[in-house]
>>> print(open('structure-v5.cif').read())   # mmCIF, C-alpha atoms and all ligand atoms
data_work
loop_
_atom_site.group_PDB
_atom_site.id
_atom_site.type_symbol
_atom_site.label_atom_id
_atom_site.label_comp_id
_atom_site.auth_asym_id
_atom_site.auth_seq_id
_atom_site.Cartn_x
_atom_site.Cartn_y
_atom_site.Cartn_z
ATOM 1 C CA MET D 12 -154.255 -72.809 -71.679
ATOM 2 C CA ALA D 13 -151.350 -75.156 -72.300
ATOM 3 C CA ALA D 14 -148.349 -73.556 -73.966
ATOM 4 C CA ASP D 15 -147.607 -74.450 -77.570
ATOM 5 C CA THR D 16 -145.999 -77.873 -77.389
ATOM 6 C CA VAL D 17 -144.697 -80.580 -79.684
ATOM 7 C CA PHE D 18 -148.158 -82.172 -79.547
ATOM 8 C CA GLY D 19 -149.829 -78.946 -80.657
ATOM 9 C CA LYS D 20 -147.460 -79.034 -83.619
ATOM 10 C CA ILE D 21 -148.439 -82.638 -84.378
ATOM 11 C CA VAL D 22 -152.124 -81.598 -84.334
ATOM 12 C CA SER D 23 -151.405 -78.731 -86.752
ATOM 13 C CA GLY D 24 -149.266 -80.955 -88.999
ATOM 14 C CA GLU D 25 -146.129 -78.912 -88.403
ATOM 15 C CA ILE D 26 -144.429 -82.012 -86.934
ATOM 16 C CA PRO D 27 -145.201 -85.302 -88.701
ATOM 17 C CA ALA D 28 -146.705 -88.306 -86.920
ATOM 18 C CA GLU D 29 -148.379 -91.491 -88.083
ATOM 19 C CA ILE D 30 -152.014 -90.888 -87.152
ATOM 20 C CA LEU D 31 -153.506 -94.251 -86.148
ATOM 21 C CA VAL D 32 -156.947 -93.025 -85.073
ATOM 22 C CA GLU D 33 -158.612 -89.663 -85.599
ATOM 23 C CA THR D 34 -161.972 -88.471 -84.322
ATOM 24 C CA ASP D 35 -163.418 -84.972 -84.366
ATOM 25 C CA ARG D 36 -161.625 -84.122 -81.134
ATOM 26 C CA VAL D 37 -158.889 -86.732 -80.576
ATOM 27 C CA ILE D 38 -155.869 -88.223 -82.373
ATOM 28 C CA ALA D 39 -153.626 -91.193 -81.582
ATOM 29 C CA PHE D 40 -150.092 -91.808 -82.835
ATOM 30 C CA PRO D 41 -147.109 -93.993 -81.836
ATOM 31 C CA ASP D 42 -144.750 -92.713 -79.147
ATOM 32 C CA ILE D 43 -141.409 -91.784 -80.707
ATOM 33 C CA ALA D 44 -139.577 -93.751 -77.958
ATOM 34 C CA PRO D 45 -141.738 -96.827 -77.339
ATOM 35 C CA GLN D 46 -141.568 -98.489 -73.913
ATOM 36 C CA ALA D 47 -143.769 -101.489 -74.775
ATOM 37 C CA PRO D 48 -144.704 -103.579 -77.839
ATOM 38 C CA VAL D 49 -147.661 -101.214 -78.279
ATOM 39 C CA HIS D 50 -147.016 -97.663 -77.053
ATOM 40 C CA VAL D 51 -149.433 -95.147 -78.475
ATOM 41 C CA LEU D 52 -150.222 -91.606 -77.347
ATOM 42 C CA VAL D 53 -153.823 -90.401 -77.325
ATOM 43 C CA ILE D 54 -154.273 -86.635 -77.212
ATOM 44 C CA PRO D 55 -157.096 -84.143 -77.633
ATOM 45 C CA LYS D 56 -156.745 -81.792 -80.589
ATOM 46 C CA THR D 57 -157.250 -78.841 -78.290
ATOM 47 C CA SER D 58 -154.214 -77.471 -76.458
ATOM 48 C CA GLU D 59 -156.472 -76.103 -73.731
ATOM 49 C CA TYR D 60 -155.586 -78.717 -71.083
ATOM 50 C CA ALA D 61 -152.056 -79.295 -69.793
ATOM 51 C CA ASN D 62 -152.828 -82.431 -67.798
ATOM 52 C CA VAL D 63 -155.595 -84.901 -66.994
ATOM 53 C CA THR D 64 -156.598 -83.079 -63.811
ATOM 54 C CA GLU D 65 -157.477 -79.988 -65.840
ATOM 55 C CA LEU D 66 -159.160 -82.076 -68.525
ATOM 56 C CA ALA D 67 -161.296 -84.070 -66.084
ATOM 57 C CA ALA D 68 -162.506 -80.834 -64.484
ATOM 58 C CA GLY D 69 -163.017 -78.954 -67.732
ATOM 59 C CA ASP D 70 -164.321 -81.530 -70.199
ATOM 60 C CA PRO D 71 -164.983 -85.024 -68.800
ATOM 61 C CA GLU D 72 -166.626 -86.119 -72.057
ATOM 62 C CA LEU D 73 -163.393 -85.438 -73.915
ATOM 63 C CA LEU D 74 -161.511 -87.529 -71.356
ATOM 64 C CA SER D 75 -164.032 -90.306 -71.895
ATOM 65 C CA GLU D 76 -163.490 -90.084 -75.654
ATOM 66 C CA MET D 77 -159.729 -90.458 -75.127
ATOM 67 C CA VAL D 78 -160.339 -93.647 -73.114
ATOM 68 C CA ALA D 79 -162.562 -95.016 -75.887
ATOM 69 C CA VAL D 80 -159.801 -94.361 -78.432
ATOM 70 C CA ALA D 81 -157.291 -96.088 -76.122
ATOM 71 C CA LYS D 82 -159.533 -99.151 -76.052
ATOM 72 C CA GLN D 83 -159.815 -99.078 -79.850
ATOM 73 C CA ILE D 84 -156.003 -99.036 -80.117
ATOM 74 C CA ALA D 85 -155.741 -102.015 -77.733
ATOM 75 C CA ASP D 86 -158.384 -103.918 -79.705
ATOM 76 C CA GLU D 87 -156.674 -103.229 -83.012
ATOM 77 C CA ARG D 88 -153.044 -103.743 -81.930
ATOM 78 C CA ALA D 89 -153.210 -106.161 -78.985
ATOM 79 C CA ASN D 90 -155.773 -108.356 -77.237
ATOM 80 C CA GLY D 91 -157.948 -105.514 -75.999
ATOM 81 C CA GLU D 92 -156.152 -105.227 -72.656
ATOM 82 C CA TYR D 93 -154.047 -102.179 -71.957
ATOM 83 C CA ARG D 94 -152.368 -99.951 -69.394
ATOM 84 C CA LEU D 95 -153.294 -96.264 -69.455
ATOM 85 C CA ILE D 96 -150.842 -93.759 -67.972
ATOM 86 C CA PHE D 97 -151.196 -90.029 -67.497
ATOM 87 C CA ASN D 98 -148.086 -88.351 -66.094
ATOM 88 C CA ASN D 99 -149.091 -85.222 -64.203
ATOM 89 C CA GLY D 100 -146.361 -82.724 -63.446
ATOM 90 C CA GLU D 101 -142.610 -82.715 -63.894
ATOM 91 C CA SER D 102 -141.827 -84.756 -60.802
ATOM 92 C CA ALA D 103 -144.231 -87.431 -62.075
ATOM 93 C CA GLY D 104 -142.348 -87.622 -65.369
ATOM 94 C CA GLN D 105 -144.438 -85.287 -67.510
ATOM 95 C CA THR D 106 -142.380 -83.629 -70.229
ATOM 96 C CA VAL D 107 -145.072 -82.429 -72.645
ATOM 97 C CA PHE D 108 -147.715 -80.152 -71.152
ATOM 98 C CA HIS D 109 -150.544 -80.986 -73.543
ATOM 99 C CA VAL D 110 -152.613 -83.695 -71.878
ATOM 100 C CA HIS D 111 -151.861 -87.155 -73.274
ATOM 101 C CA ALA D 112 -152.588 -90.756 -72.389
ATOM 102 C CA HIS D 113 -149.907 -93.379 -72.854
ATOM 103 C CA VAL D 114 -151.568 -96.583 -74.078
ATOM 104 C CA LEU D 115 -149.296 -99.563 -73.359
ATOM 105 C CA ALA D 116 -150.240 -103.044 -74.489
ATOM 106 C CA GLY D 117 -148.892 -106.352 -75.717
ATOM 107 C CA ASN D 118 -147.229 -108.693 -73.214
ATOM 108 C CA LEU D 119 -146.283 -106.049 -70.660
ATOM 109 C CA GLU D 120 -143.482 -107.478 -68.561
ATOM 110 C CA GLU D 121 -142.819 -104.466 -66.376
ATOM 111 C CA ARG D 122 -144.906 -105.006 -63.242
ATOM 112 C CA SER D 123 -144.171 -101.953 -61.120
ATOM 113 C CA LEU D 124 -147.068 -99.890 -62.476
ATOM 114 C CA GLY D 125 -149.882 -101.971 -61.123
ATOM 115 C CA GLY D 126 -149.145 -105.391 -62.555
ATOM 116 C CA SER D 127 -149.127 -108.386 -60.228
HETATM 117 P P1 LIG D 201 -144.605 -87.542 -70.896
HETATM 118 O O1 LIG D 201 -143.201 -87.820 -70.416
HETATM 119 O O2 LIG D 201 -144.886 -86.060 -70.985
HETATM 120 O O3 LIG D 201 -145.670 -88.294 -70.144
HETATM 121 O O4 LIG D 201 -144.687 -88.153 -72.357
HETATM 122 C C1 LIG D 201 -144.252 -87.499 -73.485
HETATM 123 C C2 LIG D 201 -144.008 -88.559 -74.530
HETATM 124 O O5 LIG D 201 -143.957 -87.946 -75.783
HETATM 125 C C3 LIG D 201 -142.677 -89.323 -74.356
HETATM 126 O O6 LIG D 201 -142.953 -90.714 -74.157
HETATM 127 C C4 LIG D 201 -141.934 -89.056 -75.665
HETATM 128 O O7 LIG D 201 -141.250 -90.185 -76.138
HETATM 129 C C5 LIG D 201 -143.048 -88.624 -76.597
HETATM 130 N N1 LIG D 201 -142.652 -87.675 -77.629
HETATM 131 C C6 LIG D 201 -141.923 -86.538 -77.451
HETATM 132 N N2 LIG D 201 -141.758 -85.890 -78.620
HETATM 133 C C7 LIG D 201 -142.408 -86.636 -79.558
HETATM 134 C C8 LIG D 201 -142.610 -86.467 -80.971
HETATM 135 O O8 LIG D 201 -142.163 -85.511 -81.603
HETATM 136 N N3 LIG D 201 -143.338 -87.428 -81.604
HETATM 137 C C9 LIG D 201 -143.861 -88.506 -80.932
HETATM 138 N N4 LIG D 201 -144.554 -89.390 -81.654
HETATM 139 N N5 LIG D 201 -143.692 -88.690 -79.610
HETATM 140 C C10 LIG D 201 -142.979 -87.763 -78.926
#
>>> encode(input="structure-v5.cif", output="structure tokens", more="lines below")
Ligand code: 5GP
Amino acid sequence: MAADTVFGKIVSGEIPAEILVETDRVIAFPDIAPQAPVHVLVIPKTSEYANVTELAAGDPELLSEMVAVAKQIADERANGEYRLIFNNGESAGQTVFHVHAHVLAGNLEERSLGGS
């Protein structure tokens, strides 16, 4: 079980966020410190999974739903193309231990993360 995090507080409404997409099990909201023209976080409502490794093992359908929401964000806010990042562990840059996908889109100029 992931510890109570800032994202758990966004799910409960304790910390405000602009909810862009909401399904039964997933929400999406803008990152507070955007790194791209479109930078949205997609998270499950459950705090059960700290990272994508745990989520993929425990509930692959929920992971799949997060990817579908990421695609919806890219369709609605860019041209449908997007970069999806999951940081896993502190040394990989993870700071919030409630699994989340970073959806980056819109003329990404930074090429080090897989761009050509
Ligand atoms: P990580 O570094 O764990 O992969 O990503 C955590 C992300 O959460 C960071 O990009 C950070 O800007 C974002 N973040 C942290 N606190 C808040 C918050 O209270 N609201 C929103 N919308 N984003 C947050």
>>> atom_distance(input="structure-v5.cif", atom1="CA of Ile30 (chain D)", atom2="CA of Met77 (chain D)")
14.3 Å
>>> resolve_selection(input="structure-v5.cif", expression="the PyMOL selection byres (((chain D and resi 60) around 7) and not hetatm)", output="MDAnalysis selection string")
chainID D and resid 12:13 58:59 61:62 65:66 109:110
>>> write_last_selection(input="structure-v5.cif", atoms="C-alpha atoms", output="CSV table (one decimal), in the coordinates of the input")
chain,number,residue,atom,x,y,z
D,12,MET,CA,-154.3,-72.8,-71.7
D,13,ALA,CA,-151.4,-75.2,-72.3
D,58,SER,CA,-154.2,-77.5,-76.5
D,59,GLU,CA,-156.5,-76.1,-73.7
D,61,ALA,CA,-152.1,-79.3,-69.8
D,62,ASN,CA,-152.8,-82.4,-67.8
D,65,GLU,CA,-157.5,-80.0,-65.8
D,66,LEU,CA,-159.2,-82.1,-68.5
D,109,HIS,CA,-150.5,-81.0,-73.5
D,110,VAL,CA,-152.6,-83.7,-71.9
>>> resolve_selection(input="structure-v5.cif", expression="the PyMOL selection byres (((not hetatm)) within 6 of (chain D and resi 201))", output="list in words")
Val17, Ala28, Pro41, Asp42, Ile43, Ala44, Asn98, Gly104, Gln105, Thr106 and Val107 of chain D
>>> residues_around(input="structure-v5.cif", residues="region 91-93 of chain D", least_positions_apart="6", cutoff="10 Å", atoms="all atoms listed in the file", output="ChimeraX atom specification")
/D:49-50,81-85,113-119
>>> resolve_selection(input="structure-v5.cif", expression="the PyMOL selection byres (((chain D and resi 35) around 12) and not hetatm)", output="list in words")
Val22, Val32, Glu33, Thr34, Arg36, Val37, Ile38, Ala39, Ile54, Pro55, Lys56, Thr57, Leu73, Glu76, Met77 and Val80 of chain D
>>> closest_residue(input="structure-v5.cif", among="D:Ala112, D:Ile26, D:Ile21, D:Val51", to="Leu74 (chain D)", atoms="all atoms listed in the file")
D:Ala112
>>> decode(input="structure-v5.cif", residues="region 77-100 of chain D", atoms="N, CA, C and O atoms", output="PDB file, in the first residue's frame")
ATOM      1  N   MET D  77      -5.313   3.724 -17.661  1.00  0.00           N
ATOM      2  CA  MET D  77      -4.505   4.946 -17.567  1.00  0.00           C
ATOM      3  C   MET D  77      -3.944   5.331 -18.936  1.00  0.00           C
ATOM      4  O   MET D  77      -3.897   6.512 -19.301  1.00  0.00           O
ATOM      5  N   VAL D  78      -3.511   4.331 -19.710  1.00  0.00           N
ATOM      6  CA  VAL D  78      -2.974   4.615 -21.052  1.00  0.00           C
ATOM      7  C   VAL D  78      -4.088   5.165 -21.953  1.00  0.00           C
ATOM      8  O   VAL D  78      -3.872   6.113 -22.723  1.00  0.00           O
ATOM      9  N   ALA D  79      -5.277   4.619 -21.837  1.00  0.00           N
ATOM     10  CA  ALA D  79      -6.397   5.123 -22.643  1.00  0.00           C
ATOM     11  C   ALA D  79      -6.712   6.575 -22.288  1.00  0.00           C
ATOM     12  O   ALA D  79      -7.005   7.391 -23.169  1.00  0.00           O
ATOM     13  N   VAL D  80      -6.644   6.918 -21.020  1.00  0.00           N
ATOM     14  CA  VAL D  80      -6.879   8.307 -20.604  1.00  0.00           C
ATOM     15  C   VAL D  80      -5.755   9.206 -21.117  1.00  0.00           C
ATOM     16  O   VAL D  80      -5.998  10.334 -21.564  1.00  0.00           O
ATOM     17  N   ALA D  81      -4.522   8.712 -21.108  1.00  0.00           N
ATOM     18  CA  ALA D  81      -3.400   9.487 -21.664  1.00  0.00           C
ATOM     19  C   ALA D  81      -3.649   9.795 -23.131  1.00  0.00           C
ATOM     20  O   ALA D  81      -3.443  10.927 -23.592  1.00  0.00           O
ATOM     21  N   LYS D  82      -4.100   8.822 -23.871  1.00  0.00           N
ATOM     22  CA  LYS D  82      -4.403   9.032 -25.297  1.00  0.00           C
ATOM     23  C   LYS D  82      -5.523  10.054 -25.472  1.00  0.00           C
ATOM     24  O   LYS D  82      -5.465  10.922 -26.346  1.00  0.00           O
ATOM     25  N   GLN D  83      -6.522   9.981 -24.627  1.00  0.00           N
ATOM     26  CA  GLN D  83      -7.632  10.958 -24.687  1.00  0.00           C
ATOM     27  C   GLN D  83      -7.104  12.378 -24.461  1.00  0.00           C
ATOM     28  O   GLN D  83      -7.480  13.314 -25.173  1.00  0.00           O
ATOM     29  N   ILE D  84      -6.215  12.531 -23.482  1.00  0.00           N
ATOM     30  CA  ILE D  84      -5.613  13.848 -23.213  1.00  0.00           C
ATOM     31  C   ILE D  84      -4.861  14.341 -24.457  1.00  0.00           C
ATOM     32  O   ILE D  84      -4.986  15.502 -24.860  1.00  0.00           O
ATOM     33  N   ALA D  85      -4.070  13.460 -25.071  1.00  0.00           N
ATOM     34  CA  ALA D  85      -3.288  13.855 -26.250  1.00  0.00           C
ATOM     35  C   ALA D  85      -4.201  14.205 -27.426  1.00  0.00           C
ATOM     36  O   ALA D  85      -3.913  15.121 -28.195  1.00  0.00           O
ATOM     37  N   ASP D  86      -5.304  13.501 -27.557  1.00  0.00           N
ATOM     38  CA  ASP D  86      -6.268  13.814 -28.620  1.00  0.00           C
ATOM     39  C   ASP D  86      -6.907  15.178 -28.380  1.00  0.00           C
ATOM     40  O   ASP D  86      -7.097  15.955 -29.307  1.00  0.00           O
ATOM     41  N   GLU D  87      -7.260  15.430 -27.119  1.00  0.00           N
ATOM     42  CA  GLU D  87      -7.984  16.658 -26.804  1.00  0.00           C
ATOM     43  C   GLU D  87      -7.085  17.887 -26.760  1.00  0.00           C
ATOM     44  O   GLU D  87      -7.523  18.999 -27.034  1.00  0.00           O
ATOM     45  N   ARG D  88      -5.801  17.710 -26.403  1.00  0.00           N
ATOM     46  CA  ARG D  88      -4.938  18.869 -26.135  1.00  0.00           C
ATOM     47  C   ARG D  88      -3.762  18.991 -27.083  1.00  0.00           C
ATOM     48  O   ARG D  88      -3.037  19.983 -27.029  1.00  0.00           O
ATOM     49  N   ALA D  89      -3.553  17.978 -27.931  1.00  0.00           N
ATOM     50  CA  ALA D  89      -2.461  18.027 -28.911  1.00  0.00           C
ATOM     51  C   ALA D  89      -2.935  17.285 -30.153  1.00  0.00           C
ATOM     52  O   ALA D  89      -4.135  17.245 -30.431  1.00  0.00           O
ATOM     53  N   ASN D  90      -2.005  16.700 -30.891  1.00  0.00           N
ATOM     54  CA  ASN D  90      -2.374  16.045 -32.151  1.00  0.00           C
ATOM     55  C   ASN D  90      -2.546  14.531 -32.010  1.00  0.00           C
ATOM     56  O   ASN D  90      -2.519  13.805 -32.988  1.00  0.00           O
ATOM     57  N   GLY D  91      -2.687  14.082 -30.785  1.00  0.00           N
ATOM     58  CA  GLY D  91      -2.894  12.651 -30.553  1.00  0.00           C
ATOM     59  C   GLY D  91      -1.610  11.895 -30.270  1.00  0.00           C
ATOM     60  O   GLY D  91      -1.656  10.745 -29.858  1.00  0.00           O
ATOM     61  N   GLU D  92      -0.465  12.577 -30.478  1.00  0.00           N
ATOM     62  CA  GLU D  92       0.828  11.936 -30.204  1.00  0.00           C
ATOM     63  C   GLU D  92       1.314  12.394 -28.834  1.00  0.00           C
ATOM     64  O   GLU D  92       1.098  13.545 -28.440  1.00  0.00           O
ATOM     65  N   TYR D  93       1.994  11.517 -28.136  1.00  0.00           N
ATOM     66  CA  TYR D  93       2.370  11.862 -26.766  1.00  0.00           C
ATOM     67  C   TYR D  93       3.516  11.001 -26.284  1.00  0.00           C
ATOM     68  O   TYR D  93       3.790   9.930 -26.826  1.00  0.00           O
ATOM     69  N   ARG D  94       4.190  11.506 -25.255  1.00  0.00           N
ATOM     70  CA  ARG D  94       5.232  10.743 -24.550  1.00  0.00           C
ATOM     71  C   ARG D  94       4.669  10.386 -23.183  1.00  0.00           C
ATOM     72  O   ARG D  94       4.063  11.225 -22.509  1.00  0.00           O
ATOM     73  N   LEU D  95       4.863   9.138 -22.783  1.00  0.00           N
ATOM     74  CA  LEU D  95       4.329   8.658 -21.501  1.00  0.00           C
ATOM     75  C   LEU D  95       5.506   8.258 -20.620  1.00  0.00           C
ATOM     76  O   LEU D  95       6.301   7.408 -21.012  1.00  0.00           O
ATOM     77  N   ILE D  96       5.613   8.879 -19.459  1.00  0.00           N
ATOM     78  CA  ILE D  96       6.752   8.602 -18.567  1.00  0.00           C
ATOM     79  C   ILE D  96       6.240   8.156 -17.202  1.00  0.00           C
ATOM     80  O   ILE D  96       5.361   8.796 -16.608  1.00  0.00           O
ATOM     81  N   PHE D  97       6.823   7.054 -16.744  1.00  0.00           N
ATOM     82  CA  PHE D  97       6.612   6.609 -15.362  1.00  0.00           C
ATOM     83  C   PHE D  97       7.979   6.623 -14.685  1.00  0.00           C
ATOM     84  O   PHE D  97       8.850   5.827 -15.070  1.00  0.00           O
ATOM     85  N   ASN D  98       8.193   7.467 -13.718  1.00  0.00           N
ATOM     86  CA  ASN D  98       9.426   7.399 -12.931  1.00  0.00           C
ATOM     87  C   ASN D  98       9.220   6.348 -11.843  1.00  0.00           C
ATOM     88  O   ASN D  98       8.180   6.334 -11.166  1.00  0.00           O
ATOM     89  N   ASN D  99      10.208   5.479 -11.703  1.00  0.00           N
ATOM     90  CA  ASN D  99      10.096   4.367 -10.754  1.00  0.00           C
ATOM     91  C   ASN D  99      11.267   4.355  -9.798  1.00  0.00           C
ATOM     92  O   ASN D  99      12.350   3.889 -10.146  1.00  0.00           O
ATOM     93  N   GLY D 100      11.049   4.901  -8.611  1.00  0.00           N
ATOM     94  CA  GLY D 100      12.097   4.927  -7.601  1.00  0.00           C
ATOM     95  C   GLY D 100      12.800   6.277  -7.564  1.00  0.00           C
ATOM     96  O   GLY D 100      12.862   6.990  -8.557  1.00  0.00           O
TER      97      GLY D 100
END
